[in-house]
$ cat input.csv   # CSV, N, CA and C atoms
chain,number,residue,atom,x,y,z
C,133,MET,N,0.8,-1.2,0.0
C,133,MET,CA,0.0,0.0,0.0
C,133,MET,C,0.9,1.2,0.0
C,134,ASN,N,0.6,2.2,-0.8
C,134,ASN,CA,1.4,3.4,-1.0
C,134,ASN,C,1.1,4.3,0.2
C,135,PRO,N,2.2,4.7,1.0
C,135,PRO,CA,2.0,5.5,2.2
C,135,PRO,C,1.5,6.9,1.8
C,136,LYS,N,1.9,7.4,0.7
C,136,LYS,CA,1.5,8.8,0.3
C,136,LYS,C,0.0,8.8,0.0
C,137,ALA,N,-0.5,7.8,-0.6
C,137,ALA,CA,-2.0,7.7,-0.9
C,137,ALA,C,-2.7,7.6,0.4
C,138,VAL,N,-2.2,6.8,1.4
C,138,VAL,CA,-2.9,6.6,2.7
C,138,VAL,C,-2.9,7.9,3.4
C,139,LYS,N,-1.9,8.7,3.3
C,139,LYS,CA,-1.8,10.0,4.0
C,139,LYS,C,-2.8,11.0,3.4
C,140,LEU,N,-2.9,11.0,2.0
C,140,LEU,CA,-3.8,11.9,1.4
C,140,LEU,C,-5.2,11.5,1.7
C,141,VAL,N,-5.6,10.3,1.7
C,141,VAL,CA,-7.0,9.9,2.1
C,141,VAL,C,-7.3,10.3,3.5
C,142,SER,N,-6.3,10.1,4.4
C,142,SER,CA,-6.5,10.4,5.8
C,142,SER,C,-6.7,11.9,6.0
C,143,ILE,N,-5.8,12.7,5.3
C,143,ILE,CA,-6.0,14.1,5.4
C,143,ILE,C,-7.3,14.6,4.9
C,144,SER,N,-7.8,14.0,3.8
C,144,SER,CA,-9.1,14.3,3.2
C,144,SER,C,-10.2,14.0,4.2
C,145,ALA,N,-10.2,12.9,4.8
C,145,ALA,CA,-11.2,12.5,5.8
C,145,ALA,C,-11.1,13.4,7.0
C,146,LEU,N,-9.9,13.8,7.5
C,146,LEU,CA,-9.8,14.7,8.6
C,146,LEU,C,-10.3,16.1,8.3
C,147,LEU,N,-10.1,16.5,7.1
C,147,LEU,CA,-10.6,17.9,6.7
C,147,LEU,C,-12.1,17.8,6.6
C,148,LEU,N,-12.7,16.8,6.1
C,148,LEU,CA,-14.1,16.7,6.0
C,148,LEU,C,-14.7,16.7,7.4
C,149,MET,N,-14.1,15.9,8.3
C,149,MET,CA,-14.6,15.9,9.7
C,149,MET,C,-14.4,17.3,10.4
C,150,PHE,N,-13.3,17.9,10.1
C,150,PHE,CA,-13.1,19.3,10.7
C,150,PHE,C,-14.2,20.2,10.2
C,151,GLY,N,-14.4,20.2,8.9
C,151,GLY,CA,-15.4,21.1,8.3
C,151,GLY,C,-16.8,20.9,8.9
C,152,ARG,N,-17.1,19.6,9.0
C,152,ARG,CA,-18.5,19.2,9.5
C,152,ARG,C,-18.6,19.7,11.0
C,153,TRP,N,-17.6,19.5,11.8
C,153,TRP,CA,-17.7,19.8,13.2
C,153,TRP,C,-17.5,21.3,13.5
C,154,PHE,N,-16.8,22.0,12.6
C,154,PHE,CA,-16.6,23.4,12.7
C,154,PHE,C,-17.9,24.1,12.6
C,155,ALA,N,-18.8,23.6,11.6
C,155,ALA,CA,-20.1,24.2,11.4
C,155,ALA,C,-21.2,23.7,12.3
C,156,ALA,N,-20.9,22.6,13.0
C,156,ALA,CA,-22.0,22.0,13.8
C,156,ALA,C,-22.3,22.8,15.1
C,157,LYS,N,-23.5,22.6,15.5
C,157,LYS,CA,-24.0,23.3,16.7
C,157,LYS,C,-23.8,22.4,18.0
C,158,ASP,N,-23.5,21.1,17.8
C,158,ASP,CA,-23.4,20.2,18.9
C,158,ASP,C,-22.2,20.6,19.8
C,159,LEU,N,-22.3,20.3,21.1
C,159,LEU,CA,-21.3,20.6,22.0
C,159,LEU,C,-20.3,19.5,22.3
C,160,THR,N,-20.7,18.3,21.9
C,160,THR,CA,-19.8,17.1,22.1
C,160,THR,C,-19.7,16.4,20.7
C,161,TRP,N,-18.5,15.8,20.6
C,161,TRP,CA,-18.2,15.0,19.4
C,161,TRP,C,-18.0,13.6,19.8
C,162,SER,N,-18.5,12.7,19.0
C,162,SER,CA,-18.3,11.3,19.1
C,162,SER,C,-18.4,10.6,17.8
C,163,VAL,N,-17.7,9.5,17.6
C,163,VAL,CA,-17.7,8.8,16.4
C,163,VAL,C,-19.1,8.3,16.1
C,164,GLU,N,-19.9,8.0,17.2
C,164,GLU,CA,-21.2,7.5,17.1
C,164,GLU,C,-22.3,8.5,16.8
C,165,SER,N,-21.8,9.7,16.4
C,165,SER,CA,-22.8,10.8,16.1
C,165,SER,C,-23.6,10.6,14.9
C,166,GLY,N,-23.3,9.7,14.1
C,166,GLY,CA,-24.1,9.4,12.9
C,166,GLY,C,-23.6,10.0,11.6
C,167,GLY,N,-24.3,9.7,10.6
C,167,GLY,CA,-23.9,10.2,9.3
C,167,GLY,C,-22.7,9.5,8.8
C,168,TYR,N,-21.8,10.2,8.1
C,168,TYR,CA,-20.6,9.7,7.5
C,168,TYR,C,-19.4,9.7,8.5
C,169,MET,N,-19.6,10.2,9.7
C,169,MET,CA,-18.5,10.3,10.6
C,169,MET,C,-17.8,9.0,10.9
C,170,GLU,N,-18.6,7.9,11.0
C,170,GLU,CA,-18.0,6.6,11.2
C,170,GLU,C,-17.1,6.2,10.1
C,171,VAL,N,-17.5,6.5,8.9
C,171,VAL,CA,-16.7,6.2,7.7
C,171,VAL,C,-15.4,7.0,7.7
C,172,TYR,N,-15.5,8.3,8.0
C,172,TYR,CA,-14.4,9.1,8.0
C,172,TYR,C,-13.4,8.7,9.1
C,173,SER,N,-13.9,8.4,10.3
C,173,SER,CA,-13.0,8.0,11.4
C,173,SER,C,-12.4,6.6,11.1
C,174,LEU,N,-13.2,5.7,10.5
C,174,LEU,CA,-12.6,4.4,10.1
C,174,LEU,C,-11.5,4.6,9.1
C,175,ALA,N,-11.6,5.5,8.1
C,175,ALA,CA,-10.6,5.8,7.1
C,175,ALA,C,-9.3,6.3,7.8
C,176,VAL,N,-9.5,7.2,8.8
C,176,VAL,CA,-8.4,7.8,9.5
C,176,VAL,C,-7.7,6.7,10.4
C,177,CYS,N,-8.5,6.0,11.0
C,177,CYS,CA,-8.0,4.9,11.9
C,177,CYS,C,-7.2,3.9,11.1
C,178,LEU,N,-7.8,3.4,10.0
C,178,LEU,CA,-7.0,2.4,9.2
C,178,LEU,C,-5.8,3.0,8.6
C,179,GLY,N,-5.9,4.2,8.1
C,179,GLY,CA,-4.7,4.9,7.6
C,179,GLY,C,-3.6,5.0,8.6
C,180,ALA,N,-4.0,5.4,9.8
C,180,ALA,CA,-3.0,5.5,10.9
C,180,ALA,C,-2.4,4.2,11.3
C,181,VAL,N,-3.2,3.1,11.2
C,181,VAL,CA,-2.7,1.8,11.5
C,181,VAL,C,-1.6,1.3,10.5
C,182,VAL,N,-2.0,1.6,9.2
C,182,VAL,CA,-1.0,1.3,8.1
C,182,VAL,C,0.3,2.1,8.3
C,183,LEU,N,0.2,3.4,8.7
C,183,LEU,CA,1.3,4.2,8.9
C,183,LEU,C,2.1,3.8,10.1
C,184,VAL,N,1.5,3.3,11.1
C,184,VAL,CA,2.2,2.7,12.3
C,184,VAL,C,3.1,1.6,11.9
C,185,ALA,N,2.5,0.7,11.1
C,185,ALA,CA,3.3,-0.5,10.6
C,185,ALA,C,4.5,0.0,9.7
C,186,THR,N,4.2,1.0,8.8
C,186,THR,CA,5.2,1.5,7.9
C,186,THR,C,6.3,2.2,8.7
C,187,THR,N,6.0,3.0,9.7
C,187,THR,CA,7.0,3.8,10.4
C,187,THR,C,7.7,2.9,11.4
C,188,ALA,N,7.1,1.9,12.0
C,188,ALA,CA,7.8,1.0,12.9
C,188,ALA,C,8.8,0.2,12.1
C,189,TYR,N,8.4,-0.3,10.9
C,189,TYR,CA,9.3,-1.1,10.1
C,189,TYR,C,10.5,-0.2,9.7
C,190,GLY,N,10.3,1.1,9.4
C,190,GLY,CA,11.4,1.9,9.0
C,190,GLY,C,12.1,2.5,10.2
C,191,ARG,N,11.8,2.0,11.4
C,191,ARG,CA,12.5,2.4,12.7
C,191,ARG,C,12.3,3.9,13.0
C,192,LYS,N,11.1,4.4,12.6
C,192,LYS,CA,10.7,5.8,13.0
C,192,LYS,C,9.7,5.7,14.1
C,193,TYR,N,10.2,5.4,15.3
C,193,TYR,CA,9.4,5.1,16.5
C,193,TYR,C,8.6,6.3,17.0
C,194,PHE,N,9.1,7.5,16.8
C,194,PHE,CA,8.4,8.7,17.2
C,194,PHE,C,7.1,8.9,16.4
C,195,TRP,N,7.3,8.7,15.1
C,195,TRP,CA,6.1,8.8,14.2
C,195,TRP,C,5.1,7.6,14.5
C,196,ALA,N,5.7,6.4,14.7
C,196,ALA,CA,4.8,5.3,15.0
C,196,ALA,C,4.0,5.6,16.3
C,197,ALA,N,4.6,6.2,17.3
C,197,ALA,CA,3.8,6.5,18.5
C,197,ALA,C,2.7,7.5,18.2
C,198,GLY,N,3.1,8.5,17.4
C,198,GLY,CA,2.1,9.5,17.1
C,198,GLY,C,0.9,9.0,16.3
C,199,PHE,N,1.2,8.1,15.3
C,199,PHE,CA,0.1,7.5,14.5
C,199,PHE,C,-0.7,6.5,15.3
C,200,THR,N,-0.1,5.9,16.3
C,200,THR,CA,-0.8,5.0,17.3
C,200,THR,C,-1.8,5.8,18.0
C,201,ALA,N,-1.4,7.0,18.5
C,201,ALA,CA,-2.3,7.9,19.2
C,201,ALA,C,-3.5,8.3,18.3
C,202,ILE,N,-3.2,8.6,17.1
C,202,ILE,CA,-4.3,9.0,16.1
C,202,ILE,C,-5.2,7.8,15.9
C,203,ALA,N,-4.7,6.6,15.7
C,203,ALA,CA,-5.5,5.5,15.5
C,203,ALA,C,-6.4,5.2,16.7
C,204,VAL,N,-5.9,5.4,17.9
C,204,VAL,CA,-6.7,5.2,19.1
C,204,VAL,C,-7.8,6.3,19.2
C,205,LEU,N,-7.5,7.5,18.9
C,205,LEU,CA,-8.4,8.6,19.0
C,205,LEU,C,-9.6,8.5,18.0
C,206,PHE,N,-9.3,8.0,16.8
C,206,PHE,CA,-10.4,7.8,15.8
C,206,PHE,C,-10.9,6.4,15.7
C,207,ASN,N,-10.6,5.6,16.7
C,207,ASN,CA,-11.1,4.2,16.7
C,207,ASN,C,-12.6,4.2,16.7
C,208,PRO,N,-13.3,3.6,15.7
C,208,PRO,CA,-14.7,3.6,15.7
C,208,PRO,C,-15.3,2.5,16.5
C,209,PHE,N,-14.5,1.6,17.0
C,209,PHE,CA,-14.9,0.4,17.7
C,209,PHE,C,-15.0,0.7,19.2
C,210,ALA,N,-14.2,1.6,19.7
C,210,ALA,CA,-14.3,2.0,21.1
C,210,ALA,C,-14.2,3.5,21.1
C,211,PRO,N,-15.3,4.2,20.7
C,211,PRO,CA,-15.2,5.7,20.5
C,211,PRO,C,-15.0,6.5,21.8
C,212,PHE,N,-14.4,7.7,21.6
C,212,PHE,CA,-14.3,8.7,22.6
C,212,PHE,C,-15.4,9.7,22.4
C,213,THR,N,-15.8,10.4,23.5
C,213,THR,CA,-16.7,11.5,23.4
C,213,THR,C,-15.9,12.7,23.9
C,214,LEU,N,-15.8,13.7,23.1
C,214,LEU,CA,-15.0,14.9,23.4
C,214,LEU,C,-15.8,16.2,23.2
C,215,SER,N,-15.4,17.2,23.8
C,215,SER,CA,-16.1,18.5,23.6
C,215,SER,C,-15.7,19.0,22.2
C,216,ARG,N,-16.6,19.8,21.6
C,216,ARG,CA,-16.4,20.3,20.3
C,216,ARG,C,-15.0,21.0,20.1
C,217,ILE,N,-14.7,21.9,21.0
C,217,ILE,CA,-13.4,22.6,20.9
C,217,ILE,C,-12.2,21.6,21.0
C,218,THR,N,-12.3,20.7,21.9
C,218,THR,CA,-11.2,19.7,22.0
C,218,THR,C,-11.0,18.9,20.8
C,219,PHE,N,-12.2,18.5,20.2
C,219,PHE,CA,-12.1,17.7,18.9
C,219,PHE,C,-11.5,18.6,17.8
C,220,LEU,N,-11.9,19.8,17.7
C,220,LEU,CA,-11.4,20.7,16.6
C,220,LEU,C,-9.9,20.9,16.8
C,221,VAL,N,-9.4,21.1,18.0
C,221,VAL,CA,-7.9,21.2,18.2
C,221,VAL,C,-7.2,19.9,17.9
C,222,LEU,N,-7.7,18.8,18.4
C,222,LEU,CA,-7.0,17.5,18.1
C,222,LEU,C,-7.1,17.2,16.6
C,223,ASP,N,-8.2,17.5,16.0
C,223,ASP,CA,-8.3,17.2,14.5
C,223,ASP,C,-7.3,18.1,13.8
C,224,ALA,N,-7.1,19.3,14.1
C,224,ALA,CA,-6.1,20.2,13.5
C,224,ALA,C,-4.7,19.7,13.7
C,225,VAL,N,-4.4,19.2,14.9
C,225,VAL,CA,-3.1,18.6,15.2
C,225,VAL,C,-2.9,17.4,14.4
C,226,CYS,N,-3.9,16.5,14.2
C,226,CYS,CA,-3.8,15.3,13.4
C,226,CYS,C,-3.6,15.7,11.9
C,227,ILE,N,-4.2,16.7,11.5
C,227,ILE,CA,-4.0,17.1,10.1
C,227,ILE,C,-2.6,17.6,9.9
C,228,ALA,N,-2.1,18.4,10.8
C,228,ALA,CA,-0.7,18.8,10.8
C,228,ALA,C,0.3,17.7,10.8
C,229,ALA,N,0.0,16.7,11.6
C,229,ALA,CA,0.9,15.5,11.7
C,229,ALA,C,0.9,14.8,10.4
C,230,PHE,N,-0.2,14.5,9.8
C,230,PHE,CA,-0.3,13.8,8.5
C,230,PHE,C,0.4,14.7,7.4
C,231,ILE,N,0.3,16.0,7.4
C,231,ILE,CA,0.9,16.8,6.4
C,231,ILE,C,2.4,16.8,6.6
C,232,LEU,N,2.9,16.9,7.9
C,232,LEU,CA,4.3,16.9,8.2
C,232,LEU,C,4.9,15.6,7.7
C,233,SER,N,4.2,14.5,8.0
C,233,SER,CA,4.7,13.2,7.6
C,233,SER,C,4.7,13.0,6.1
C,234,LEU,N,3.9,13.7,5.4
C,234,LEU,CA,3.9,13.7,3.9
C,234,LEU,C,5.0,14.5,3.4
C,235,VAL,N,5.4,15.6,4.0
C,235,VAL,CA,6.4,16.5,3.5
C,235,VAL,C,7.8,16.1,3.9
C,236,LEU,N,8.0,15.6,5.1
C,236,LEU,CA,9.3,15.2,5.6
C,236,LEU,C,9.7,13.9,5.0
C,237,PRO,N,11.0,13.8,4.8
C,237,PRO,CA,11.5,12.5,4.2
C,237,PRO,C,11.4,11.4,5.2
C,238,TRP,N,11.2,10.2,4.7
C,238,TRP,CA,11.1,9.0,5.6
C,238,TRP,C,12.3,8.2,5.6
C,239,THR,N,13.2,8.4,4.7
C,239,THR,CA,14.4,7.5,4.6
C,239,THR,C,15.6,8.2,5.4
C,240,ASN,N,16.4,7.3,5.9
C,240,ASN,CA,17.7,7.8,6.5
C,240,ASN,C,18.7,8.2,5.4
C,241,HIS,N,19.2,9.3,5.4
C,241,HIS,CA,20.2,9.7,4.4
C,241,HIS,C,21.6,9.6,5.0
C,242,GLU,N,22.1,8.3,5.0
C,242,GLU,CA,23.4,8.1,5.5
C,242,GLU,C,24.4,8.2,4.4
C,243,SER,N,25.5,8.6,4.7
C,243,SER,CA,26.5,8.8,3.7
C,243,SER,C,27.0,7.4,3.2
C,244,LYS,N,27.0,7.2,2.0
C,244,LYS,CA,27.4,6.0,1.4
C,244,LYS,C,28.7,6.3,0.6
C,245,PRO,N,29.6,5.4,0.6
C,245,PRO,CA,30.9,5.6,-0.1
C,245,PRO,C,30.6,5.6,-1.6
C,246,ALA,N,31.3,6.5,-2.3
C,246,ALA,CA,31.1,6.6,-3.7
C,246,ALA,C,31.8,5.4,-4.4
C,247,LEU,N,31.1,5.0,-5.5
C,247,LEU,CA,31.7,3.9,-6.2
C,247,LEU,C,32.8,4.5,-7.2
C,248,VAL,N,33.9,3.9,-7.1
C,248,VAL,CA,35.0,4.4,-8.0
C,248,VAL,C,35.3,3.3,-8.9
C,249,ASP,N,35.3,3.6,-10.2
C,249,ASP,CA,35.7,2.6,-11.2
C,249,ASP,C,37.2,2.5,-11.3
C,250,VAL,N,37.7,1.4,-11.0
C,250,VAL,CA,39.2,1.1,-11.0
C,250,VAL,C,39.8,1.4,-12.4
C,251,ALA,N,39.1,1.2,-13.4
C,251,ALA,CA,39.6,1.3,-14.8
C,251,ALA,C,39.9,2.8,-15.1
C,252,ASP,N,39.1,3.7,-14.5
C,252,ASP,CA,39.3,5.1,-14.7
C,252,ASP,C,40.5,5.7,-14.1
C,253,GLN,N,41.1,5.0,-13.1
C,253,GLN,CA,42.2,5.6,-12.4
C,253,GLN,C,43.5,5.3,-13.1
$ encode --input "input.csv" --output "structure tokens"
Amino acid sequence: MNPKAVKLVSISALLLMFGRWFAAKDLTWSVESGGYMEVYSLAVCLGAVVLVATTAYGRKYFWAAGFTAIAVLFNPFAPFTLSRITFLVLDAVCIAAFILSLVLPWTNHESKPALVDVADQ
């Protein structure tokens, strides 16, 4: 699975949730609120789980811990109930985390010795 595509889908779902709850009059947020929120939160949760596996495999444990927290927050199977303001702040932080992970390089740039052709010397 392509990590960039997973990140873009997760960012889209988070933006849709942010827009929905920014305009909402409700004082509390929960995954169980109905509509498409369960689908959005499932997309974010599954995307975060895929990225946990990817980052842990690449030994990026800080990112793996962050994506684990995002997966737990948007878990549709054991949902949290949060105030509207708290959810909007956490959603914005999650959007920023996904964007940062999309922009920052994932690979270690270790210096590798240059290959020298013996015939050219």
$ closest_residue --input "input.csv" --among "C:Phe199, C:Val182, C:Val204, C:Met169" --to "Val138 in chain C" --atoms "only C-alpha atoms"
C:Val182
$ atom_distance --input "input.csv" --atom1 "CA of Leu205 in chain C" --atom2 "CA of Cys226 in chain C"
9.9 Å
$ closest_residue --input "input.csv" --among "C:Leu232, C:Ala210, C:Ala188, C:Ile227" --to "Ser144 in chain C" --atoms "only N, CA and C atoms"
C:Ile227
$ atom_distance --input "input.csv" --atom1 "CA of Ile202 in chain C" --atom2 "atom N of Ala180 in chain C"
7.3 Å
$ closest_residue --input "input.csv" --among "C:Thr200, C:Ser142, C:Phe209, C:Ala228" --to "Ala185 in chain C" --atoms "all atoms listed in the file"
C:Thr200
$ select_by_dssp --input "input.csv" --residues "range 133-240 of chain C" --states "helix (DSSP H, G or I)" --output "MDAnalysis selection string"
chainID C and resid 135:155 163:165 169:189 193:205 216:235
$ atom_distance --input "input.csv" --atom1 "atom N of Arg152 in chain C" --atom2 "atom N of Trp195 in chain C"
27.4 Å
$ closest_residue --input "input.csv" --among "C:Val176, C:Leu148, C:Val171, C:Leu183" --to "Ala197 in chain C" --atoms "all atoms listed in the file"
C:Leu183
$ residues_around --input "input.csv" --residues "Ala224 in chain C" --least-positions-apart "2" --cutoff "12 Å" --atoms "only C-alpha atoms" --output "number ranges by chain"
C: 143, 146-151, 153-154, 202, 217-222, 226-231
$ residues_around --input "input.csv" --residues "Phe206 in chain C" --least-positions-apart "6" --cutoff "6 Å" --atoms "all atoms listed in the file" --output "short mmCIF file (atom, residue, chain, number, x, y, z; two decimals) with N, CA and C atoms, in the coordinates of the input"
data_model
loop_
_atom_site.label_atom_id
_atom_site.label_comp_id
_atom_site.auth_asym_id
_atom_site.auth_seq_id
_atom_site.Cartn_x
_atom_site.Cartn_y
_atom_site.Cartn_z
N SER C 173 -13.90 8.40 10.30
CA SER C 173 -13.00 8.00 11.40
C SER C 173 -12.40 6.60 11.10
N LEU C 174 -13.20 5.70 10.50
CA LEU C 174 -12.60 4.40 10.10
C LEU C 174 -11.50 4.60 9.10
N CYS C 177 -8.50 6.00 11.00
CA CYS C 177 -8.00 4.90 11.90
C CYS C 177 -7.20 3.90 11.10
#
